Each structure stands twice: as structure tokens, then as C-alpha cells.
file my_file.cif (mmCIF, C-alpha atoms and all ligand atoms)
data_entry
loop_
_atom_site.label_atom_id
_atom_site.label_comp_id
_atom_site.auth_asym_id
_atom_site.auth_seq_id
_atom_site.Cartn_x
_atom_site.Cartn_y
_atom_site.Cartn_z
CA MET A 1 -5.64 -15.95 7.84
CA LYS A 2 -3.31 -15.56 10.78
CA ARG A 3 -1.59 -18.79 9.86
CA LEU A 4 -1.06 -17.58 6.34
CA PHE A 5 0.46 -14.35 7.59
CA LEU A 6 2.93 -16.19 9.82
CA ALA A 7 3.88 -18.50 6.97
CA ALA A 8 4.49 -15.48 4.78
CA LEU A 9 6.66 -13.90 7.44
CA LEU A 10 8.77 -17.02 7.72
CA ALA A 11 9.06 -17.28 3.97
CA TYR A 12 10.30 -13.73 3.67
CA ALA A 13 12.61 -13.85 6.66
CA PRO A 14 15.69 -15.00 4.73
CA LEU A 15 15.36 -12.12 2.28
CA ALA A 16 17.45 -9.81 4.35
CA ILE A 17 17.55 -6.41 2.75
CA GLY A 18 19.81 -4.90 5.32
CA HIS A 19 19.26 -1.38 6.40
CA GLY A 20 19.42 0.08 9.86
CA ASP A 21 23.09 -0.17 10.53
CA ASN A 22 23.74 -1.18 6.95
CA ALA A 23 22.39 1.99 5.46
CA ALA A 24 24.50 1.41 2.36
CA ALA A 25 22.34 -1.55 1.28
CA VAL A 26 20.21 -0.67 -1.69
CA ILE A 27 16.46 -1.08 -1.71
CA ASP A 28 14.74 -1.06 -5.09
CA TYR A 29 11.72 1.10 -4.27
CA SER A 30 10.16 0.53 -7.69
CA LYS A 31 9.60 -3.08 -6.60
CA ALA A 32 8.19 -2.17 -3.20
CA GLU A 33 5.23 -4.27 -2.15
CA PRO A 34 2.16 -2.41 -0.90
CA LYS A 35 1.25 -3.18 2.70
CA PRO A 36 -2.00 -2.50 4.53
CA PHE A 37 -0.24 0.48 6.13
CA GLY A 38 1.43 1.92 3.04
CA ILE A 39 4.46 1.33 0.87
CA ALA A 40 8.23 1.67 1.10
CA ALA A 41 9.44 4.92 -0.45
CA ASP A 42 12.84 6.39 -1.13
CA PRO A 43 13.75 8.37 1.99
CA ARG A 44 15.68 10.83 -0.20
CA LYS A 45 12.31 11.91 -1.59
CA ALA A 46 10.93 12.69 1.84
CA ARG A 47 10.18 16.30 2.69
CA ARG A 48 10.00 15.40 6.30
CA THR A 49 12.35 13.59 8.62
CA VAL A 50 11.02 12.25 11.90
CA ARG A 51 13.64 11.31 14.42
CA VAL A 52 12.48 8.73 16.94
CA ASP A 53 14.57 7.99 20.00
CA MET A 54 14.56 4.46 21.39
CA THR A 55 15.55 3.91 25.00
CA ASP A 56 16.08 1.03 27.42
CA ASP A 57 13.01 2.02 29.43
CA MET A 58 11.23 0.52 26.39
CA ARG A 59 9.92 3.76 25.03
CA PHE A 60 9.85 5.54 21.71
CA THR A 61 10.07 9.32 21.81
CA PRO A 62 7.91 10.66 20.30
CA ALA A 63 5.37 7.89 20.80
CA ARG A 64 2.82 9.58 18.59
CA ILE A 65 3.33 11.04 15.13
CA SER A 66 0.85 12.65 12.80
CA VAL A 67 1.40 12.47 9.01
CA ARG A 68 -0.54 13.33 5.90
CA ARG A 69 -1.81 10.63 3.63
CA GLY A 70 0.52 10.26 0.64
CA GLU A 71 3.39 12.04 2.36
CA VAL A 72 6.79 10.32 2.24
CA VAL A 73 8.31 10.26 5.69
CA ARG A 74 11.91 9.54 6.46
CA PHE A 75 12.05 7.95 9.88
CA VAL A 76 15.38 8.05 11.66
CA PRO A 77 15.18 5.75 14.68
CA ALA A 78 18.07 6.48 17.04
CA ASN A 79 19.06 3.95 19.68
CA LYS A 80 19.91 5.85 22.85
CA GLY A 81 20.15 2.71 24.97
CA GLN A 82 22.63 -0.05 25.69
CA VAL A 83 20.74 -2.89 23.98
CA LEU A 84 19.49 -3.55 20.47
CA HIS A 85 16.20 -1.93 19.55
CA GLU A 86 14.19 -1.87 16.38
CA MET A 87 11.47 0.15 14.78
CA VAL A 88 8.92 -1.90 12.87
CA LEU A 89 5.97 -0.22 11.16
CA GLY A 90 2.64 -2.00 10.89
CA THR A 91 -0.91 -2.42 11.93
CA LEU A 92 -1.42 -3.30 15.58
CA GLU A 93 -2.57 -6.81 14.58
CA GLU A 94 0.51 -7.44 12.50
CA LEU A 95 2.88 -6.16 15.15
CA LYS A 96 1.25 -8.36 17.78
CA ALA A 97 1.47 -11.44 15.57
CA HIS A 98 5.05 -10.64 14.68
CA ALA A 99 6.00 -10.10 18.34
CA GLU A 100 4.59 -13.55 19.18
CA LEU A 101 6.65 -15.06 16.39
CA MET A 102 9.79 -13.32 17.65
CA LYS A 103 9.17 -14.76 21.11
CA LYS A 104 9.01 -18.27 19.69
CA HIS A 105 12.07 -17.77 17.50
CA PRO A 106 14.31 -15.30 19.36
CA GLY A 107 17.17 -15.65 16.90
CA MET A 108 14.92 -15.12 13.92
CA GLU A 109 16.31 -12.77 11.34
CA HIS A 110 13.82 -10.44 9.88
CA ASP A 111 14.46 -7.49 7.71
CA GLU A 112 12.18 -5.62 5.39
CA PRO A 113 11.88 -2.02 4.25
CA HIS A 114 9.32 -1.21 6.95
CA MET A 115 11.74 -2.00 9.76
CA ALA A 116 15.14 -0.95 11.06
CA HIS A 117 17.25 -2.78 13.60
CA VAL A 118 19.49 -0.36 15.40
CA SER A 119 22.53 -1.09 17.56
CA PRO A 120 23.21 1.00 20.69
CA GLY A 121 24.46 4.46 19.79
CA LYS A 122 23.49 4.13 16.12
CA SER A 123 20.58 5.27 14.03
CA GLY A 124 18.69 3.66 11.16
CA GLU A 125 16.45 4.87 8.38
CA ILE A 126 13.04 3.93 7.01
CA GLY A 127 11.39 5.66 4.04
CA TRP A 128 7.63 5.18 4.04
CA ARG A 129 4.56 6.50 2.28
CA PHE A 130 1.34 6.07 4.22
CA THR A 131 -1.28 5.53 1.54
CA LYS A 132 -4.41 5.30 3.67
CA ALA A 133 -5.80 7.45 6.42
CA GLY A 134 -6.01 5.69 9.74
CA THR A 135 -4.06 4.73 12.81
CA TYR A 136 -0.92 2.65 12.43
CA TYR A 137 1.85 1.72 14.79
CA TYR A 138 5.57 1.21 15.21
CA GLY A 139 6.89 -1.28 17.67
CA CYS A 140 10.11 -2.81 18.89
CA LEU A 141 9.65 -6.55 18.46
CA ILE A 142 12.73 -7.69 20.34
CA PRO A 143 11.36 -10.25 22.80
CA GLY A 144 10.15 -8.49 25.94
CA HIS A 145 10.28 -4.98 24.51
CA PHE A 146 6.91 -4.90 22.79
CA GLU A 147 5.31 -6.51 25.84
CA ALA A 148 6.87 -3.80 28.01
CA GLY A 149 5.06 -1.20 25.95
CA MET A 150 7.62 -0.28 23.30
CA LEU A 151 5.00 0.97 20.89
CA GLY A 152 4.21 4.20 19.09
CA LYS A 153 1.32 5.44 17.02
CA VAL A 154 1.14 7.03 13.57
CA ILE A 155 -2.02 8.95 12.83
CA VAL A 156 -2.48 9.36 9.08
CA VAL A 157 -4.80 12.18 8.17
CA LYS A 158 -6.24 13.03 4.76
CU CU A 201 13.50 -2.40 22.00
#

call {"tool": "encode", "arguments": {"input": "my_file.cif", "output": "C-alpha cells", "more": "lines below"}}
Ligand SMILES: [Cu+2]
result
Amino acid sequence: MKRLFLAALLAYAPLAIGHGDNAAAVIDYSKAEPKPFGIAADPRKARRTVRVDMTDDMRFTPARISVRRGEVVRFVPANKGQVLHEMVLGTLEELKAHAELMKKHPGMEHDEPHMAHVSPGKSGEIGWRFTKAGTYYYGCLIPGHFEAGMLGKVIVVK
């Protein structure tokens, strides 16, 4: 199972969609693939914008967000530090597996609608609909950052 997931990650890696700093890139939300933690959604349809600051002390602020099931959230991760940071949504298991993969392949390009890579001083955007109640996470998977505790929690309530 884990092996399959990693293989899938590698297979999708070259399909760079390009958001974050390339906010102009177009994502076709009608073709969004459901994930265990929800589905990509057009951020222009969001009623709510959640700004998340990312800092070089390896923290997200806020580090805990509560959303309603079905609600489209527009996340705006802002990099307040001096180094690259990213916001990647997922289950804790997926984020851990992905962080391991990033450690093994530091130059690995990964880009999908549930993540934004953000250069210092810039901000990115993720549009997401959480389709199931539960606890999900967002992490920075740049090698060393996740391990240092760069992790936040999304509580999805009914
Ligand atoms: Cu980071």
C-alpha cells in the first residue's frame, strides 16, 4: 500500500500544475481528483479565506483551523521567512510518507492542487473543499522543516 502510494507520487511528480508563485497557472477544477481529505475547488468560489503565515522558526500561524464539511476554503499561505516554505494538505500518514520521499529526493519537483510552494516574501493560494469530517493536516515538506514541527491541523466538522 505504502509502496503504491510512493509510486503514484513519483508518477505524478512531473505533472507540474504550477501555482503558489505562479498563480496565473490554470487548474481545471472540473477534473479534480478526490483525495482522502477532500477535493480541489476553485478558490474564487470560497466564502472564506484563511491566511496562514509560514516562518523560519518552522511554524504555521495559525497552526489549527476549523472548517465545515463541504465548505470551500481559500488558503493563502504567506511566506514571512527568508527560505522557501510550502503548504501541503493531507492526512498525517500521507504527509509523513511524502516528507520521507522529499528527504530521499531533495530536488524532487512536486506540485498538485493541494499544495503551494511559496518563495520568501510571497504568498500562494490553495482552493480546497473538505468533503469528510475528521482531522487533517498541512505540512511543509521541505527537508528538515516537517521534522522540525512545521505542521498544522484542520478540524473538519459536520
Ligand atoms: Cu518550511

call {"tool": "closest_residue", "arguments": {"input": "my_file.cif", "among": "A:Cys140, A:Ala32, A:Ala41, A:Ala46", "to": "Val88 of chain A", "atoms": "all atoms listed in the file"}}
result
A:Cys140

call {"tool": "closest_residue", "arguments": {"input": "my_file.cif", "among": "A:Ala99, A:Val50, A:Ile39, A:Val76", "to": "Arg64 of chain A", "atoms": "all atoms listed in the file"}}
result
A:Val50

call {"tool": "residues_near_ligand", "arguments": {"input": "my_file.cif", "ligand": "ligand CU 201 (chain A)", "cutoff": "10 Å", "atoms": "all atoms listed in the file", "output": "list in words"}}
result
Met54, Thr55, Asp56, Asp57, Met58, Arg59, Phe60, Asn79, Gly81, Val83, Leu84, His85, Glu86, Met87, His117, Val118, Gly139, Cys140, Leu141, Ile142, Pro143, Gly144, His145, Phe146, Glu147, Ala148, Gly149, Met150 and Leu151 of chain A

call {"tool": "closest_residue", "arguments": {"input": "my_file.cif", "among": "A:Lys96, A:Lys104, A:Arg74, A:Lys122", "to": "Tyr137 of chain A", "atoms": "only C-alpha atoms"}}
result
A:Lys96

call {"tool": "atom_distance", "arguments": {"input": "my_file.cif", "atom1": "atom CA of Thr131 of chain A", "atom2": "atom CA of Ile27 of chain A"}}
result
19.2 Å

call {"tool": "closest_residue", "arguments": {"input": "my_file.cif", "among": "A:Ile155, A:Ala63, A:Ala116, A:Leu89", "to": "Pro77 of chain A", "atoms": "only C-alpha atoms"}}
result
A:Ala116

call {"tool": "closest_residue", "arguments": {"input": "my_file.cif", "among": "A:Lys80, A:Lys158, A:His114, A:Lys153", "to": "Glu33 of chain A", "atoms": "all atoms listed in the file"}}
result
A:His114

call {"tool": "atom_distance", "arguments": {"input": "my_file.cif", "atom1": "atom CA of Ala78 of chain A", "atom2": "atom CA of Val154 of chain A"}}
result
17.3 Å

call {"tool": "residues_around", "arguments": {"input": "my_file.cif", "residues": "Asp28 of chain A", "least_positions_apart": "2", "cutoff": "12 Å", "atoms": "only C-alpha atoms", "output": "short mmCIF file (atom, residue, chain, number, x, y, z; two decimals) with C-alpha atoms, keeping the file's coordinate frame"}}
result
data_model
loop_
_atom_site.label_atom_id
_atom_site.label_comp_id
_atom_site.auth_asym_id
_atom_site.auth_seq_id
_atom_site.Cartn_x
_atom_site.Cartn_y
_atom_site.Cartn_z
CA ILE A 17 17.55 -6.41 2.75
CA ALA A 25 22.34 -1.55 1.28
CA VAL A 26 20.21 -0.67 -1.69
CA SER A 30 10.16 0.53 -7.69
CA LYS A 31 9.60 -3.08 -6.60
CA ALA A 32 8.19 -2.17 -3.20
CA GLU A 33 5.23 -4.27 -2.15
CA ALA A 40 8.23 1.67 1.10
CA ALA A 41 9.44 4.92 -0.45
CA ASP A 42 12.84 6.39 -1.13
CA PRO A 43 13.75 8.37 1.99
CA GLU A 112 12.18 -5.62 5.39
CA PRO A 113 11.88 -2.02 4.25
CA GLY A 127 11.39 5.66 4.04
#

call {"tool": "closest_residue", "arguments": {"input": "my_file.cif", "among": "A:Glu109, A:Asp53, A:Glu100, A:Glu71", "to": "Arg129 of chain A", "atoms": "all atoms listed in the file"}}
result
A:Glu71

call {"tool": "residues_around", "arguments": {"input": "my_file.cif", "residues": "Arg69 of chain A", "least_positions_apart": "5", "cutoff": "6 Å", "atoms": "all atoms listed in the file", "output": "ChimeraX atom specification"}}
result
/A:130-133,156-158

call {"tool": "write_last_selection", "arguments": {"input": "my_file.cif", "atoms": "C-alpha atoms", "output": "tab-separated table (two decimals), in the frame of the given file"}}
result
chain	number	residue	atom	x	y	z
A	130	PHE	CA	1.34	6.07	4.22
A	131	THR	CA	-1.28	5.53	1.54
A	132	LYS	CA	-4.41	5.30	3.67
A	133	ALA	CA	-5.80	7.45	6.42
A	156	VAL	CA	-2.48	9.36	9.08
A	157	VAL	CA	-4.80	12.18	8.17
A	158	LYS	CA	-6.24	13.03	4.76

call {"tool": "atom_distance", "arguments": {"input": "my_file.cif", "atom1": "atom CA of Asp111 of chain A", "atom2": "atom CA of Lys45 of chain A"}}
result
21.6 Å

call {"tool": "residues_around", "arguments": {"input": "my_file.cif", "residues": "Gly90 of chain A", "least_positions_apart": "6", "cutoff": "7 Å", "atoms": "all atoms listed in the file", "output": "ChimeraX atom specification"}}
result
/A:37,136-138

call {"tool": "build_atoms", "arguments": {"input": "my_file.cif", "residues": "segment 55-66 of chain A", "atoms": "all heavy atoms", "output": "mmCIF file, keeping the file's coordinate frame"}}
result
data_model
loop_
_atom_site.group_PDB
_atom_site.id
_atom_site.type_symbol
_atom_site.label_atom_id
_atom_site.label_comp_id
_atom_site.auth_asym_id
_atom_site.auth_seq_id
_atom_site.Cartn_x
_atom_site.Cartn_y
_atom_site.Cartn_z
ATOM 1 N N THR A 55 14.808 3.975 23.739
ATOM 2 C CA THR A 55 15.550 3.910 25.000
ATOM 3 C C THR A 55 15.286 2.615 25.750
ATOM 4 O O THR A 55 14.299 1.927 25.478
ATOM 5 C CB THR A 55 15.176 5.120 25.896
ATOM 6 O OG1 THR A 55 13.757 5.292 25.864
ATOM 7 C CG2 THR A 55 15.826 6.399 25.398
ATOM 8 N N ASP A 56 16.162 2.306 26.694
ATOM 9 C CA ASP A 56 16.080 1.030 27.420
ATOM 10 C C ASP A 56 14.933 0.986 28.428
ATOM 11 O O ASP A 56 14.683 -0.059 29.034
ATOM 12 C CB ASP A 56 17.407 0.733 28.128
ATOM 13 C CG ASP A 56 18.522 0.447 27.127
ATOM 14 O OD1 ASP A 56 18.209 0.221 25.934
ATOM 15 O OD2 ASP A 56 19.703 0.445 27.524
ATOM 16 N N ASP A 57 14.235 2.096 28.616
ATOM 17 C CA ASP A 57 13.010 2.020 29.430
ATOM 18 C C ASP A 57 11.845 1.586 28.544
ATOM 19 O O ASP A 57 10.691 1.680 28.935
ATOM 20 C CB ASP A 57 12.732 3.345 30.165
ATOM 21 C CG ASP A 57 12.571 4.518 29.214
ATOM 22 O OD1 ASP A 57 12.746 4.340 27.984
ATOM 23 O OD2 ASP A 57 12.255 5.623 29.689
ATOM 24 N N MET A 58 12.194 1.102 27.336
ATOM 25 C CA MET A 58 11.230 0.520 26.390
ATOM 26 C C MET A 58 10.214 1.551 25.902
ATOM 27 O O MET A 58 9.015 1.303 25.851
ATOM 28 C CB MET A 58 10.489 -0.683 27.028
ATOM 29 C CG MET A 58 11.416 -1.739 27.582
ATOM 30 S SD MET A 58 12.538 -2.363 26.289
ATOM 31 C CE MET A 58 13.771 -3.180 27.311
ATOM 32 N N ARG A 59 10.787 2.710 25.541
ATOM 33 C CA ARG A 59 9.920 3.760 25.030
ATOM 34 C C ARG A 59 10.456 4.313 23.721
ATOM 35 O O ARG A 59 11.674 4.357 23.492
ATOM 36 C CB ARG A 59 9.811 4.906 26.044
ATOM 37 C CG ARG A 59 9.050 4.544 27.316
ATOM 38 C CD ARG A 59 7.563 4.320 27.026
ATOM 39 N NE ARG A 59 6.815 3.865 28.190
ATOM 40 C CZ ARG A 59 6.579 2.577 28.489
ATOM 41 N NH1 ARG A 59 7.077 1.608 27.753
ATOM 42 N NH2 ARG A 59 5.854 2.267 29.543
ATOM 43 N N PHE A 60 9.523 4.752 22.889
ATOM 44 C CA PHE A 60 9.850 5.540 21.710
ATOM 45 C C PHE A 60 9.524 6.985 22.048
ATOM 46 O O PHE A 60 8.495 7.264 22.662
ATOM 47 C CB PHE A 60 8.957 5.147 20.520
ATOM 48 C CG PHE A 60 9.265 3.826 19.892
ATOM 49 C CD1 PHE A 60 8.425 2.728 20.073
ATOM 50 C CD2 PHE A 60 10.379 3.668 19.076
ATOM 51 C CE1 PHE A 60 8.683 1.509 19.459
ATOM 52 C CE2 PHE A 60 10.645 2.446 18.459
ATOM 53 C CZ PHE A 60 9.799 1.367 18.647
ATOM 54 N N THR A 61 10.371 7.901 21.627
ATOM 55 C CA THR A 61 10.070 9.320 21.810
ATOM 56 C C THR A 61 10.314 10.045 20.482
ATOM 57 O O THR A 61 11.442 10.035 20.000
ATOM 58 C CB THR A 61 10.977 9.945 22.886
ATOM 59 O OG1 THR A 61 10.891 9.140 24.069
ATOM 60 C CG2 THR A 61 10.545 11.367 23.210
ATOM 61 N N PRO A 62 9.304 10.622 19.837
ATOM 62 C CA PRO A 62 7.910 10.660 20.300
ATOM 63 C C PRO A 62 7.236 9.294 20.149
ATOM 64 O O PRO A 62 7.687 8.464 19.375
ATOM 65 C CB PRO A 62 7.274 11.676 19.362
ATOM 66 C CG PRO A 62 8.068 11.583 18.097
ATOM 67 C CD PRO A 62 9.471 11.277 18.528
ATOM 68 N N ALA A 63 6.133 9.132 20.868
ATOM 69 C CA ALA A 63 5.370 7.890 20.800
ATOM 70 C C ALA A 63 4.099 8.111 19.996
ATOM 71 O O ALA A 63 3.249 7.234 19.911
ATOM 72 C CB ALA A 63 5.035 7.403 22.204
ATOM 73 N N ARG A 64 4.002 9.283 19.394
ATOM 74 C CA ARG A 64 2.820 9.580 18.590
ATOM 75 C C ARG A 64 3.233 10.585 17.510
ATOM 76 O O ARG A 64 3.817 11.620 17.800
ATOM 77 C CB ARG A 64 1.783 10.205 19.507
ATOM 78 C CG ARG A 64 0.436 10.396 18.875
ATOM 79 C CD ARG A 64 -0.409 11.271 19.812
ATOM 80 N NE ARG A 64 -1.502 11.843 19.067
ATOM 81 C CZ ARG A 64 -2.751 11.407 19.165
ATOM 82 N NH1 ARG A 64 -3.062 10.465 19.990
ATOM 83 N NH2 ARG A 64 -3.679 11.963 18.441
ATOM 84 N N ILE A 65 2.924 10.210 16.262
ATOM 85 C CA ILE A 65 3.330 11.040 15.130
ATOM 86 C C ILE A 65 2.112 11.207 14.232
ATOM 87 O O ILE A 65 1.345 10.271 14.033
ATOM 88 C CB ILE A 65 4.451 10.327 14.332
ATOM 89 C CG1 ILE A 65 5.711 10.175 15.191
ATOM 90 C CG2 ILE A 65 4.774 11.088 13.051
ATOM 91 C CD1 ILE A 65 6.667 9.132 14.664
ATOM 92 N N SER A 66 1.959 12.404 13.700
ATOM 93 C CA SER A 66 0.850 12.650 12.800
ATOM 94 C C SER A 66 1.423 12.924 11.413
ATOM 95 O O SER A 66 2.353 13.722 11.264
ATOM 96 C CB SER A 66 0.060 13.845 13.324
ATOM 97 O OG SER A 66 -1.040 14.075 12.514
#
